[in-house]
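Chemist: Input file: structure34.pdb. Contents: PDB, C-alpha atoms.
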ATOM      1  CA  MET X 136     101.697 -71.835 -68.579  1.00  0.00           C
ATOM      2  CA  GLN X 137     100.615 -71.841 -64.966  1.00  0.00           C
ATOM      3  CA  VAL X 138      97.107 -73.306 -64.706  1.00  0.00           C
ATOM      4  CA  THR X 139      94.847 -73.176 -61.655  1.00  0.00           C
ATOM      5  CA  ILE X 140      91.725 -75.331 -61.788  1.00  0.00           C
ATOM      6  CA  THR X 141      88.942 -74.824 -59.267  1.00  0.00           C
ATOM      7  CA  PHE X 142      85.983 -77.159 -58.882  1.00  0.00           C
ATOM      8  CA  LYS X 143      82.675 -75.842 -57.507  1.00  0.00           C
ATOM      9  CA  LYS X 144      79.808 -78.195 -56.686  1.00  0.00           C
ATOM     10  CA  ILE X 145      81.582 -80.941 -58.618  1.00  0.00           C
ATOM     11  CA  GLU X 146      84.104 -83.537 -57.512  1.00  0.00           C
ATOM     12  CA  ALA X 147      87.654 -82.912 -58.627  1.00  0.00           C
ATOM     13  CA  SER X 148      88.729 -85.523 -61.149  1.00  0.00           C
ATOM     14  CA  ASP X 149      92.111 -86.125 -62.701  1.00  0.00           C
ATOM     15  CA  SER X 150      90.531 -86.765 -66.086  1.00  0.00           C
ATOM     16  CA  LEU X 151      88.949 -83.269 -66.154  1.00  0.00           C
ATOM     17  CA  LYS X 152      92.211 -81.692 -64.961  1.00  0.00           C
ATOM     18  CA  SER X 153      94.227 -83.438 -67.662  1.00  0.00           C
ATOM     19  CA  TYR X 154      91.608 -82.563 -70.305  1.00  0.00           C
ATOM     20  CA  VAL X 155      91.723 -78.861 -69.363  1.00  0.00           C
ATOM     21  CA  ASN X 156      95.547 -78.905 -69.287  1.00  0.00           C
ATOM     22  CA  LYS X 157      95.629 -80.600 -72.710  1.00  0.00           C
ATOM     23  CA  LYS X 158      93.298 -77.938 -74.176  1.00  0.00           C
ATOM     24  CA  LEU X 159      95.246 -75.047 -72.627  1.00  0.00           C
ATOM     25  CA  LYS X 160      98.589 -76.506 -73.744  1.00  0.00           C
ATOM     26  CA  ARG X 161      97.663 -75.590 -77.336  1.00  0.00           C
ATOM     27  CA  PHE X 162      97.564 -71.891 -76.433  1.00  0.00           C
ATOM     28  CA  GLU X 163     101.152 -71.768 -75.148  1.00  0.00           C
ATOM     29  CA  LYS X 164     102.440 -71.666 -78.741  1.00  0.00           C
ATOM     30  CA  MET X 165     100.064 -68.826 -79.599  1.00  0.00           C
ATOM     31  CA  LEU X 166     100.992 -66.613 -76.632  1.00  0.00           C
ATOM     32  CA  ASP X 167     104.091 -64.430 -76.651  1.00  0.00           C
ATOM     33  CA  GLY X 168     105.183 -64.726 -73.036  1.00  0.00           C
ATOM     34  CA  PRO X 169     104.503 -66.572 -69.833  1.00  0.00           C
ATOM     35  CA  ALA X 170     100.819 -66.981 -69.115  1.00  0.00           C
ATOM     36  CA  GLU X 171      98.540 -67.687 -66.185  1.00  0.00           C
ATOM     37  CA  ALA X 172      95.178 -69.355 -66.536  1.00  0.00           C
ATOM     38  CA  SER X 173      92.527 -69.669 -63.884  1.00  0.00           C
ATOM     39  CA  VAL X 174      89.790 -72.169 -64.744  1.00  0.00           C
ATOM     40  CA  VAL X 175      86.610 -72.642 -62.719  1.00  0.00           C
ATOM     41  CA  LEU X 176      84.484 -75.723 -63.393  1.00  0.00           C
ATOM     42  CA  SER X 177      81.073 -75.864 -61.766  1.00  0.00           C
ATOM     43  CA  VAL X 178      77.676 -77.534 -62.002  1.00  0.00           C
ATOM     44  CA  GLU X 179      74.307 -75.836 -61.487  1.00  0.00           C
ATOM     45  CA  LYS X 180      71.390 -78.248 -61.770  1.00  0.00           C
ATOM     46  CA  ILE X 181      71.916 -79.785 -65.233  1.00  0.00           C
ATOM     47  CA  ARG X 182      74.205 -77.038 -66.580  1.00  0.00           C
ATOM     48  CA  HIS X 183      77.949 -77.646 -66.632  1.00  0.00           C
ATOM     49  CA  ILE X 184      79.751 -74.298 -66.525  1.00  0.00           C
ATOM     50  CA  ALA X 185      83.380 -73.576 -67.373  1.00  0.00           C
ATOM     51  CA  GLU X 186      84.948 -70.173 -66.895  1.00  0.00           C
ATOM     52  CA  ILE X 187      88.496 -69.070 -67.717  1.00  0.00           C
ATOM     53  CA  THR X 188      90.609 -66.025 -67.061  1.00  0.00           C
ATOM     54  CA  LEU X 189      93.819 -66.051 -69.089  1.00  0.00           C
ATOM     55  CA  THR X 190      96.551 -63.450 -68.640  1.00  0.00           C
ATOM     56  CA  SER X 191      99.695 -63.134 -70.725  1.00  0.00           C
ATOM     57  CA  GLY X 192     101.461 -59.777 -70.713  1.00  0.00           C
ATOM     58  CA  ALA X 193      99.008 -57.172 -72.024  1.00  0.00           C
ATOM     59  CA  LEU X 194      96.509 -59.826 -73.105  1.00  0.00           C
ATOM     60  CA  ASN X 195      93.627 -60.495 -70.698  1.00  0.00           C
ATOM     61  CA  ILE X 196      90.949 -62.937 -71.785  1.00  0.00           C
ATOM     62  CA  HIS X 197      87.836 -63.881 -69.879  1.00  0.00           C
ATOM     63  CA  ALA X 198      85.360 -66.405 -71.256  1.00  0.00           C
ATOM     64  CA  LYS X 199      82.458 -68.388 -69.839  1.00  0.00           C
ATOM     65  CA  GLU X 200      80.445 -71.213 -71.357  1.00  0.00           C
ATOM     66  CA  ALA X 201      77.700 -73.591 -70.234  1.00  0.00           C
ATOM     67  CA  SER X 202      76.207 -76.767 -71.709  1.00  0.00           C
ATOM     68  CA  GLU X 203      74.909 -80.170 -70.654  1.00  0.00           C
ATOM     69  CA  SER X 204      78.323 -81.907 -70.745  1.00  0.00           C
ATOM     70  CA  MET X 205      81.482 -80.673 -69.013  1.00  0.00           C
ATOM     71  CA  TYR X 206      83.754 -81.925 -71.800  1.00  0.00           C
ATOM     72  CA  ALA X 207      81.617 -80.194 -74.460  1.00  0.00           C
ATOM     73  CA  THR X 208      81.671 -77.018 -72.372  1.00  0.00           C
ATOM     74  CA  ILE X 209      85.471 -77.135 -72.145  1.00  0.00           C
ATOM     75  CA  ASP X 210      85.709 -77.670 -75.922  1.00  0.00           C
ATOM     76  CA  ILE X 211      83.475 -74.681 -76.667  1.00  0.00           C
ATOM     77  CA  LEU X 212      85.366 -72.558 -74.137  1.00  0.00           C
ATOM     78  CA  ALA X 213      88.701 -73.504 -75.726  1.00  0.00           C
ATOM     79  CA  ASP X 214      87.376 -72.467 -79.145  1.00  0.00           C
ATOM     80  CA  LYS X 215      86.271 -69.104 -77.712  1.00  0.00           C
ATOM     81  CA  VAL X 216      89.674 -68.492 -76.132  1.00  0.00           C
ATOM     82  CA  LYS X 217      91.458 -69.483 -79.363  1.00  0.00           C
ATOM     83  CA  SER X 218      89.353 -67.042 -81.394  1.00  0.00           C
ATOM     84  CA  GLN X 219      90.020 -64.247 -78.875  1.00  0.00           C
ATOM     85  CA  ILE X 220      93.777 -64.896 -78.990  1.00  0.00           C
ATOM     86  CA  THR X 221      93.848 -64.925 -82.812  1.00  0.00           C
ATOM     87  CA  LYS X 222      91.733 -61.764 -82.895  1.00  0.00           C
ATOM     88  CA  HIS X 223      94.200 -60.083 -80.539  1.00  0.00           C
ATOM     89  CA  LYS X 224      97.159 -61.289 -82.633  1.00  0.00           C
ATOM     90  CA  GLU X 225      95.589 -59.946 -85.845  1.00  0.00           C
ATOM     91  CA  LYS X 226      94.898 -56.629 -84.156  1.00  0.00           C
ATOM     92  CA  ILE X 227      98.522 -56.347 -83.046  1.00  0.00           C
ATOM     93  CA  LYS X 228      99.755 -57.416 -86.496  1.00  0.00           C
ATOM     94  CA  LYS X 229      97.524 -54.847 -88.206  1.00  0.00           C
ATOM     95  CA  HIS X 230      98.698 -52.149 -85.821  1.00  0.00           C
ATOM     96  CA  MET X 231     102.359 -52.986 -86.380  1.00  0.00           C
ATOM     97  CA  SER X 232     102.039 -53.152 -90.173  1.00  0.00           C
ATOM     98  CA  GLY X 233     101.617 -49.404 -90.469  1.00  0.00           C
ATOM     99  CA  ASN X 234      98.248 -49.558 -92.260  1.00  0.00           C
ATOM    100  CA  LYS X 235      96.456 -47.541 -89.654  1.00  0.00           C
ATOM    101  CA  ALA X 236      92.924 -46.634 -90.628  1.00  0.00           C
ATOM    102  CA  SER X 237      92.925 -43.894 -87.995  1.00  0.00           C
ATOM    103  CA  LEU X 238      95.637 -42.019 -89.892  1.00  0.00           C
ATOM    104  CA  ALA X 239      93.669 -42.254 -93.129  1.00  0.00           C
ATOM    105  CA  ASP X 240      90.698 -40.606 -91.436  1.00  0.00           C
ATOM    106  CA  THR X 241      92.606 -37.483 -90.416  1.00  0.00           C
ATOM    107  CA  GLN X 242      92.055 -34.328 -92.407  1.00  0.00           C
ATOM    108  CA  GLU X 243      94.652 -31.833 -93.508  1.00  0.00           C
ATOM    109  CA  PHE X 244      93.872 -28.131 -93.785  1.00  0.00           C
ATOM    110  CA  SER X 245      95.765 -25.496 -95.661  1.00  0.00           C
ATOM    111  CA  ILE X 246      95.907 -21.880 -94.615  1.00  0.00           C
ATOM    112  CA  ASP X 247      93.805 -20.838 -97.621  1.00  0.00           C
ATOM    113  CA  GLU X 248      90.955 -23.264 -96.898  1.00  0.00           C
ATOM    114  CA  PRO X 249      88.289 -22.334 -94.382  1.00  0.00           C
ATOM    115  CA  ARG X 250      88.575 -24.161 -91.065  1.00  0.00           C
ATOM    116  CA  PRO X 251      85.782 -26.379 -89.695  1.00  0.00           C
ATOM    117  CA  GLY X 252      83.372 -24.340 -87.633  1.00  0.00           C
ATOM    118  CA  ASP X 253      83.794 -21.352 -89.931  1.00  0.00           C
ATOM    119  CA  THR X 254      80.328 -19.811 -90.468  1.00  0.00           C
ATOM    120  CA  SER X 255      81.103 -18.957 -94.090  1.00  0.00           C
ATOM    121  CA  ASP X 256      80.701 -22.694 -94.928  1.00  0.00           C
ATOM    122  CA  ILE X 257      77.107 -22.872 -93.733  1.00  0.00           C
ATOM    123  CA  VAL X 258      74.555 -23.467 -96.470  1.00  0.00           C
ATOM    124  CA  GLU X 259      71.149 -22.065 -95.568  1.00  0.00           C
ATOM    125  CA  GLU X 260      68.118 -24.012 -96.727  1.00  0.00           C
ATOM    126  CA  PRO X 261      64.610 -22.536 -96.655  1.00  0.00           C
ATOM    127  CA  LEU X 262      62.156 -24.506 -94.575  1.00  0.00           C
ATOM    128  CA  ASP X 263      58.601 -24.747 -95.828  1.00  0.00           C
ATOM    129  CA  THR X 264      56.685 -26.243 -92.958  1.00  0.00           C
ATOM    130  CA  LYS X 265      53.000 -26.547 -92.392  1.00  0.00           C
ATOM    131  CA  PRO X 266      51.439 -27.783 -89.169  1.00  0.00           C
ATOM    132  CA  MET X 267      51.146 -31.591 -89.126  1.00  0.00           C
ATOM    133  CA  ASP X 268      50.731 -34.508 -86.731  1.00  0.00           C
ATOM    134  CA  ILE X 269      53.674 -36.618 -85.616  1.00  0.00           C
ATOM    135  CA  GLU X 270      52.350 -39.557 -87.645  1.00  0.00           C
ATOM    136  CA  ASP X 271      52.406 -37.436 -90.818  1.00  0.00           C
ATOM    137  CA  ALA X 272      55.960 -36.329 -90.019  1.00  0.00           C
ATOM    138  CA  VAL X 273      57.006 -39.982 -89.708  1.00  0.00           C
ATOM    139  CA  ILE X 274      55.578 -40.661 -93.168  1.00  0.00           C
ATOM    140  CA  GLU X 275      57.466 -37.649 -94.576  1.00  0.00           C
ATOM    141  CA  LEU X 276      60.695 -38.800 -92.885  1.00  0.00           C
ATOM    142  CA  GLU X 277      60.447 -42.324 -94.271  1.00  0.00           C
ATOM    143  CA  SER X 278      59.637 -41.071 -97.784  1.00  0.00           C
ATOM    144  CA  GLY X 279      62.664 -38.769 -97.913  1.00  0.00           C
ATOM    145  CA  LYS X 280      66.387 -39.508 -97.981  1.00  0.00           C
ATOM    146  CA  LYS X 281      67.348 -37.429 -94.950  1.00  0.00           C
ATOM    147  CA  SER X 282      67.812 -38.893 -91.486  1.00  0.00           C
ATOM    148  CA  PHE X 283      65.658 -36.145 -89.887  1.00  0.00           C
ATOM    149  CA  TYR X 284      62.577 -34.068 -90.627  1.00  0.00           C
ATOM    150  CA  VAL X 285      61.707 -30.642 -89.204  1.00  0.00           C
ATOM    151  CA  PHE X 286      58.006 -29.804 -88.850  1.00  0.00           C
ATOM    152  CA  ILE X 287      55.530 -27.704 -86.873  1.00  0.00           C
ATOM    153  CA  ASN X 288      53.551 -29.879 -84.499  1.00  0.00           C
ATOM    154  CA  ALA X 289      49.826 -29.233 -85.126  1.00  0.00           C
ATOM    155  CA  ARG X 290      48.953 -30.014 -81.515  1.00  0.00           C
ATOM    156  CA  THR X 291      51.565 -27.786 -79.805  1.00  0.00           C
ATOM    157  CA  GLU X 292      52.214 -25.320 -82.681  1.00  0.00           C
ATOM    158  CA  GLN X 293      55.975 -25.550 -81.993  1.00  0.00           C
ATOM    159  CA  VAL X 294      58.880 -26.633 -84.172  1.00  0.00           C
ATOM    160  CA  ASN X 295      59.755 -30.324 -83.684  1.00  0.00           C
ATOM    161  CA  VAL X 296      62.395 -32.572 -85.228  1.00  0.00           C
ATOM    162  CA  ILE X 297      61.868 -36.275 -85.830  1.00  0.00           C
ATOM    163  CA  TYR X 298      64.970 -38.343 -86.592  1.00  0.00           C
ATOM    164  CA  LYS X 299      66.249 -41.883 -87.116  1.00  0.00           C
ATOM    165  CA  HIS X 300      68.564 -43.429 -84.507  1.00  0.00           C
ATOM    166  CA  ASN X 301      71.442 -45.644 -85.600  1.00  0.00           C
ATOM    167  CA  ASN X 302      69.522 -48.633 -84.186  1.00  0.00           C
ATOM    168  CA  GLY X 303      66.570 -47.941 -86.516  1.00  0.00           C
ATOM    169  CA  LYS X 304      64.218 -46.447 -83.944  1.00  0.00           C
ATOM    170  CA  LEU X 305      62.767 -42.950 -84.280  1.00  0.00           C
ATOM    171  CA  GLY X 306      63.400 -40.018 -81.961  1.00  0.00           C
ATOM    172  CA  LEU X 307      61.477 -36.773 -81.438  1.00  0.00           C
ATOM    173  CA  ILE X 308      62.968 -33.465 -80.354  1.00  0.00           C
ATOM    174  CA  ALA X 309      60.333 -31.117 -78.951  1.00  0.00           C
ATOM    175  CA  PRO X 310      60.918 -27.887 -77.009  1.00  0.00           C
ATOM    176  CA  GLN X 311      60.014 -27.959 -73.310  1.00  0.00           C
ATOM    177  CA  GLY X 312      57.835 -25.392 -71.627  1.00  0.00           C
TER     178      GLY X 312
END
Show how you would write the structure in this file as structure tokens.

Modeler:
Amino acid sequence: MQVTITFKKIEASDSLKSYVNKKLKRFEKMLDGPAEASVVLSVEKIRHIAEITLTSGALNIHAKEASESMYATIDILADKVKSQITKHKEKIKKHMSGNKASLADTQEFSIDEPRPGDTSDIVEEPLDTKPMDIEDAVIELESGKKSFYVFINARTEQVNVIYKHNNGKLGLIAPQG
């Protein structure tokens, strides 16, 4: 592994260089081919910062860590890089094993079955709406099991839709004009 160590706002020391080389030496066994690592060690006030860019074939890893001790920072950074390499290895192993989840998600259609987008599959539900405030619509939405609620806004007298985002927040669709 070819290692480049750069020192910023800190004096270059052989002990830090050998410590970084010792930590990176462990990753040579984990990587498939020749690798290049660029390590930047710097100090900003009381924070010791270590940053690494590791490249080996198709694998590109970038990690950055800061703490109060340079050796502790290098240790934490090495753990991050190790976890990223193992994660990449597991991903490759899973992909090569043939158990692809993406293939399990595909749907097959026969000629006799209706295709998606066919209007004959649409189920029409009657909508009993009475004018209500947005706050009342929120209460109705949270009491039901659906992820949206259609209502007539009492203030604007137009159809509105209130819905739940994936992040838990609520959204409101109201016509413009």

Chemist: For Gly306 in chain X, work out the shell of residues within 12 Å, counting only C-alpha atoms and skipping chain neighbours fewer than 6 positions away, then give it as number ranges by chain.

Modeler: X: 269, 272-273, 276, 282-285, 295-300

Chemist: Could you name the residues that touch Ile196 in chain X at 9 Å or less, counting only C-alpha atoms, but leaving out those on the same chain fewer than 5 positions away, as a short mmCIF file (atom, residue, chain, number, x, y, z; two decimals) with C-alpha atoms, in the frame of the given file?

Modeler:
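Output file around_34.cif is given in full below:
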data_model
loop_
_atom_site.label_atom_id
_atom_site.label_comp_id
_atom_site.auth_asym_id
_atom_site.auth_seq_id
_atom_site.Cartn_x
_atom_site.Cartn_y
_atom_site.Cartn_z
CA ILE X 187 88.50 -69.07 -67.72
CA THR X 188 90.61 -66.03 -67.06
CA LEU X 189 93.82 -66.05 -69.09
CA THR X 190 96.55 -63.45 -68.64
CA SER X 191 99.70 -63.13 -70.72
CA VAL X 216 89.67 -68.49 -76.13
CA GLN X 219 90.02 -64.25 -78.88
CA ILE X 220 93.78 -64.90 -78.99
#

Chemist: Quick one: residues within 12 Å of Gln311 in chain X, all atoms listed in the file, excluding same-chain residues fewer than 3 positions away - as an NGL selection string?

Modeler: :X and (291 or 293-295 or 308)

Chemist: Between X:Pro266, X:Ala289, X:Lys304, X:Met136, which has the minimum distance to Glu163 in chain X (counting only C-alpha atoms)?

Modeler: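 Once distances to Glu163 in chain X are computed over only C-alpha atoms, the minimum belongs to X:Met136.
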
Chemist: Provide the CA of Ala170 in chain X to CA of Gly192 in chain X distance in Å, to one decimal place.

Modeler: 7.4 Å
